[in-house]
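Undergrad: Below are the structure tokens for one structure; questions will follow.
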Amino acid sequence: MSTTPAATLAVVDLGSNSFRLEIGRVEGDQIYRLDTWRETLRFGAGLDAQGRIKTSAMKAALQCLARFRERLAGLHPSAVRAVATNTFRVAKNAREFLPQAEHALGFPIDVIGGHEEARLIYLGVAHELPRSLEPRLVVDIGGGSTEFIIGRGLEPERLESLKIGCVGVTQRFFPEGRLTAEGFEGAETAARVEIEPIAREFGPGHWREAYASSGTAAALAEILEQNGFSSGGITPAGLARLKKRMLAARHVGRLSLHALKPERAPVLAGGLAIMAAAVAELGIDRIDPVGGALRLGVLYDLLGRTIDADVRGVTVARFVDRYSIDRAHAARVAALAVVLFRRALPGANAESVQLLRWAATLHEIGMSVSHIGFHKHGAYILQHADMPGFSSGEQSRLALLVFGCRGGLAKVEAALDDSPMRVQLLALRLAVLFHHARAAIALPRSGKRWGIPGNLRTGDVFALIGRSRGARDRAENSNEIGTDGDLQYDRSVAVAHAIGEPPDRALAHAPGQLLAGEQKRSDLAQRRLMADDEHRFAPVGPARGSQD
């Protein structure tokens with residue numbers, strides 16, 4: 001990765017209440033906001049009874065993202081990050097809609113989990129507050145979820161994300177804008193039921209100061225202060241007075257309050273109910289609004305990635321420690337996997353290389369559960385664990401690579417339609433196979449480009465690596481397991497799969513140069529690779545033979 005950060009960074013926040021674009025200028029290790037663009041779509045309210053995004057909501061979202069794209073024109077992809085939150089997490093057709101949204105925006109969109117959203121919120125808030133080692137509570141009421149974080153300095157210590165947001169609560173308890181005592185009672189009770197299980201860990205004994213981020217908190221604080229309901233900040237008494245005024249109005253359309261913006265009015269009741277429940281359950285006497293939140297947190301996280309301070313690397317290192325992964329073996333597998341991947345796809349981007357390196361480093365994480373089927377256990381851990389810095393999509397890709405590092409390929413067949421994933425899987429499987437004896441070997445060297453075609457088709461991958469277990473199992477089950485001869489034979493079979501040579505010819509190569517030699521341009525479709533005495537393999541396309 002580059003050690004020189006971009007001069008301008010941008011973040012797109014696809015929230016359940018509004019979509020936002022924020023652009024910042026980088027000066028040293030600080031980011032100064034240049035431009036902010038907000039469109040209130042209430043995307044979270046655009047779900048039908050089956051939990052699917054409605055066509056009208058999709059259309060509005062795509063139009064908004066197209067406008068954002070015009071503003072982002074000229075920025076390098078590495079300087080832009082788009083994140084999607086709760087609605088994209090829960091909508092049943094979000095996966096189908098996501099490619100359309102990415103096409104409209106012109107940049108990839110990361111769907112982030114609740115804990116990752118909480119981490120980024122705290123990172124943004126911490127950069128807005130004076131530095132302090134005192135523990136702080138941050139509450140962020142969003143459109144579809146509410147995050148609670150306790151942290152010191154720039155580091156969060158406790159993170160929680162609850163599925164209550166101002167859009168959902170308003171829809172459920174204040175239909176058509178009606179403001180009733182029953183509605184407020186139901187909304188606050190529902191919110192308190194969600195907050196009560198975390199109250200012990202987030203109560204006043206664990207923090208010194210309380211802050212509230214997000215637009216809901218800023219709107220509530222401003223309304224309370226400008227209407228004389230509070231002398232400063234958000235207080236239980238001020239919230240009670242605001243609720244009384246809203247009940248007197250009986251409908252949101254008849255509300256007359258200083259500082260109440262038209263776009264905030266429709267979800268004010270839901271936000272008020274959640275805030276009232278939070279201050280009651282957590283024993284908060286006063287909570288002050290603060291800027292920053294998710295967008296600024298994403299900007300600082302993006303800045304860290306551009307200067308090799310990527311929190312994802314820290315997460316991987318912590319997982320290596322937590323799950324007692326064999327560091328030396330993981331490093332050997334990762335080094336070889338990256339070498340093979342770069343040889344196969346010389347133009348691969350840095351993110352693909354890094355993700356493969358992390359997958360190889362963590363490929364034995366499932367050993368902490370059982371050595372039998374460890375790749376399955378590992379995939380489950382990586383898919384469902386809280387991994388700071390990683391989006392849901394990145395975690396899914398890591399899990400898929402680990403799941404496919406051994407065993408049959410039918411389980412990952414759908415992923416083989418993706419060209420980089422095909423070659424990542426091939427590189428990882430070969431690296432794991434080469435190092436099955438868990439001993440150091442000389443990494444393959446080549447003066448000429450070796451041939452894993454970058455345009456491998458699904459069938460080709462099955463032909464290359466789908467049945468490689470036979471040779472490996474034969475070597476592992478032999479009486480001479482671990483001998484140089486068996487290891488060399490096993491590696492030669494794997495190389496034969498990759499470069500399209502018969503195993504006996506690959507075996508003739510020196511151990512440290514198994515991938516070396518002139519690549520044949522003859523029609524490899526007529527050849528059949530032999531893994532052992534019982535299996536034959538499907539033909540593969542011609543290998544590339546150009547010089548490095």
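Identifiers for the structure tokens are assigned positionally: chains receive A, B, ... in sequence, residues are indexed from 1 per chain, and ligands are indexed from 1 in the order shown.
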Using only C-alpha atoms, which protein or nucleic acid residues come within 7 Å of Ala210 in chain A? Drop anything in the same chain fewer than 5 positions from it, and give the result as number ranges by chain.
TA: A: 136-138, 287-288
Undergrad: Extract, using only C-alpha atoms, all DNA, RNA and protein residues at most 7 Å from range 47-52 of chain A, discarding same-chain residues fewer than 2 positions from it, and format them as a ChimeraX atom specification.
TA: /A:44-45,54,91-93
Undergrad: Output as a ChimeraX atom specification all residues of range 45-84 of chain A that backbone DSSP marks as helix (DSSP H, G or I).
TA: /A:45-46,55-72,77-79
Undergrad: For the selection you just gave me, I'd like the residues written to a file as a compact mmCIF listing (two decimals), in the first residue's frame, keeping N, CA and C atoms.
TA:
```
# COMPACT_ATOMS: atom_id res chain seq x y z
N ALA A 45 -37.60 3.07 5.61
CA ALA A 45 -39.07 2.99 5.54
C ALA A 45 -39.52 2.42 4.19
N GLY A 46 -38.57 2.16 3.31
CA GLY A 46 -38.90 1.66 1.98
C GLY A 46 -38.93 0.16 1.87
N THR A 55 -39.57 -1.05 -5.04
CA THR A 55 -39.04 -0.51 -6.30
C THR A 55 -38.90 1.00 -6.22
N SER A 56 -39.86 1.67 -5.59
CA SER A 56 -39.81 3.14 -5.48
C SER A 56 -38.61 3.58 -4.65
N ALA A 57 -38.32 2.84 -3.57
CA ALA A 57 -37.16 3.18 -2.74
C ALA A 57 -35.87 2.95 -3.50
N MET A 58 -35.82 1.87 -4.28
CA MET A 58 -34.63 1.60 -5.10
C MET A 58 -34.39 2.73 -6.09
N LYS A 59 -35.45 3.16 -6.73
CA LYS A 59 -35.32 4.22 -7.74
C LYS A 59 -34.78 5.50 -7.12
N ALA A 60 -35.34 5.89 -5.97
CA ALA A 60 -34.89 7.11 -5.30
C ALA A 60 -33.42 6.98 -4.88
N ALA A 61 -33.05 5.81 -4.38
CA ALA A 61 -31.67 5.59 -3.95
C ALA A 61 -30.70 5.67 -5.12
N LEU A 62 -31.06 5.05 -6.23
CA LEU A 62 -30.17 5.06 -7.41
C LEU A 62 -30.00 6.47 -7.97
N GLN A 63 -31.06 7.24 -7.96
CA GLN A 63 -30.96 8.62 -8.44
C GLN A 63 -30.05 9.44 -7.54
N CYS A 64 -30.16 9.24 -6.23
CA CYS A 64 -29.30 9.94 -5.29
C CYS A 64 -27.84 9.56 -5.49
N LEU A 65 -27.58 8.27 -5.64
CA LEU A 65 -26.20 7.80 -5.81
C LEU A 65 -25.60 8.31 -7.12
N ALA A 66 -26.43 8.43 -8.14
CA ALA A 66 -25.94 8.98 -9.41
C ALA A 66 -25.50 10.44 -9.24
N ARG A 67 -26.23 11.18 -8.42
CA ARG A 67 -25.83 12.57 -8.15
C ARG A 67 -24.53 12.60 -7.33
N PHE A 68 -24.40 11.69 -6.38
CA PHE A 68 -23.15 11.61 -5.63
C PHE A 68 -21.97 11.30 -6.57
N ARG A 69 -22.23 10.44 -7.54
CA ARG A 69 -21.17 10.05 -8.48
C ARG A 69 -20.60 11.25 -9.21
N GLU A 70 -21.47 12.17 -9.59
CA GLU A 70 -21.01 13.37 -10.29
C GLU A 70 -20.07 14.19 -9.41
N ARG A 71 -20.40 14.26 -8.11
CA ARG A 71 -19.55 15.03 -7.20
C ARG A 71 -18.22 14.34 -6.93
N LEU A 72 -18.18 13.01 -7.05
CA LEU A 72 -16.97 12.24 -6.76
C LEU A 72 -16.08 12.06 -7.99
N PRO A 77 -10.23 5.62 -6.80
CA PRO A 77 -11.02 4.66 -6.02
C PRO A 77 -10.48 4.42 -4.61
N SER A 78 -9.17 4.48 -4.43
CA SER A 78 -8.60 4.24 -3.11
C SER A 78 -8.90 5.38 -2.14
N ALA A 79 -9.36 6.53 -2.65
CA ALA A 79 -9.65 7.69 -1.81
C ALA A 79 -11.13 7.79 -1.46
```
Undergrad: With a distance cut-off of 8 Å and only C-alpha atoms, select the neighbouring residues of Arg429 in chain A, excluding the residue or stretch itself and same-chain residues fewer than 4 positions from it, and output the selection as a ChimeraX atom specification.
TA: /A:404-406,425,433,465
Undergrad: Just the number, please: distance in Å from CA of Pro289 in chain A to CA of Val83 in chain A, one decimal.
TA: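 A separation of 23.0 Å between them.
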Undergrad: Report as an NGL selection string all protein, DNA and RNA residues lying within 9 Å of Asp386 in chain A, evaluated on only C-alpha atoms, omitting residues in the same chain fewer than 4 positions from it.
TA: :A and (113 or 115-116 or 382 or 390)
Undergrad: Show me, as a PyMOL selection string, the residues that have an atom within 8 Å of range 247-263 of chain A when counting only C-alpha atoms, minus same-chain residues fewer than 3 positions from it.
TA: chain A and resi 40+177-181+219+222-223+226-227+243-244+266
Undergrad: In Å to one decimal, how far is CA of Ser214 in chain A from CA of Ser230 in chain A?
TA: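 These atoms are spaced 19.1 Å apart.
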Undergrad: Can you tell me, as a PDB file with N, CA and C atoms, in the first residue's frame, what residues are no more than 9 Å from Glu155 in chain A when counting only C-alpha atoms, ignoring any on the same chain fewer than 4 positions away?
TA:
```
ATOM      1  N   ARG A 119     -17.770   0.873  15.999  1.00  0.00           N
ATOM      2  CA  ARG A 119     -16.340   1.217  16.082  1.00  0.00           C
ATOM      3  C   ARG A 119     -16.033   2.481  15.283  1.00  0.00           C
ATOM      4  N   TYR A 122     -17.399   5.633  16.977  1.00  0.00           N
ATOM      5  CA  TYR A 122     -16.553   6.092  18.082  1.00  0.00           C
ATOM      6  C   TYR A 122     -15.273   6.742  17.561  1.00  0.00           C
ATOM      7  N   LEU A 123     -14.690   6.188  16.501  1.00  0.00           N
ATOM      8  CA  LEU A 123     -13.478   6.768  15.924  1.00  0.00           C
ATOM      9  C   LEU A 123     -13.733   8.198  15.475  1.00  0.00           C
ATOM     10  N   ALA A 126     -14.321  10.438  18.668  1.00  0.00           N
ATOM     11  CA  ALA A 126     -13.083  10.634  19.417  1.00  0.00           C
ATOM     12  C   ALA A 126     -12.188  11.686  18.776  1.00  0.00           C
ATOM     13  N   ILE A 150     -18.384   2.486  24.665  1.00  0.00           N
ATOM     14  CA  ILE A 150     -17.575   3.069  25.729  1.00  0.00           C
ATOM     15  C   ILE A 150     -16.126   2.950  25.292  1.00  0.00           C
ATOM     16  N   GLY A 151     -15.380   4.052  25.399  1.00  0.00           N
ATOM     17  CA  GLY A 151     -13.983   4.022  24.980  1.00  0.00           C
ATOM     18  C   GLY A 151     -13.144   5.047  25.704  1.00  0.00           C
TER      19      GLY A 151
END
```
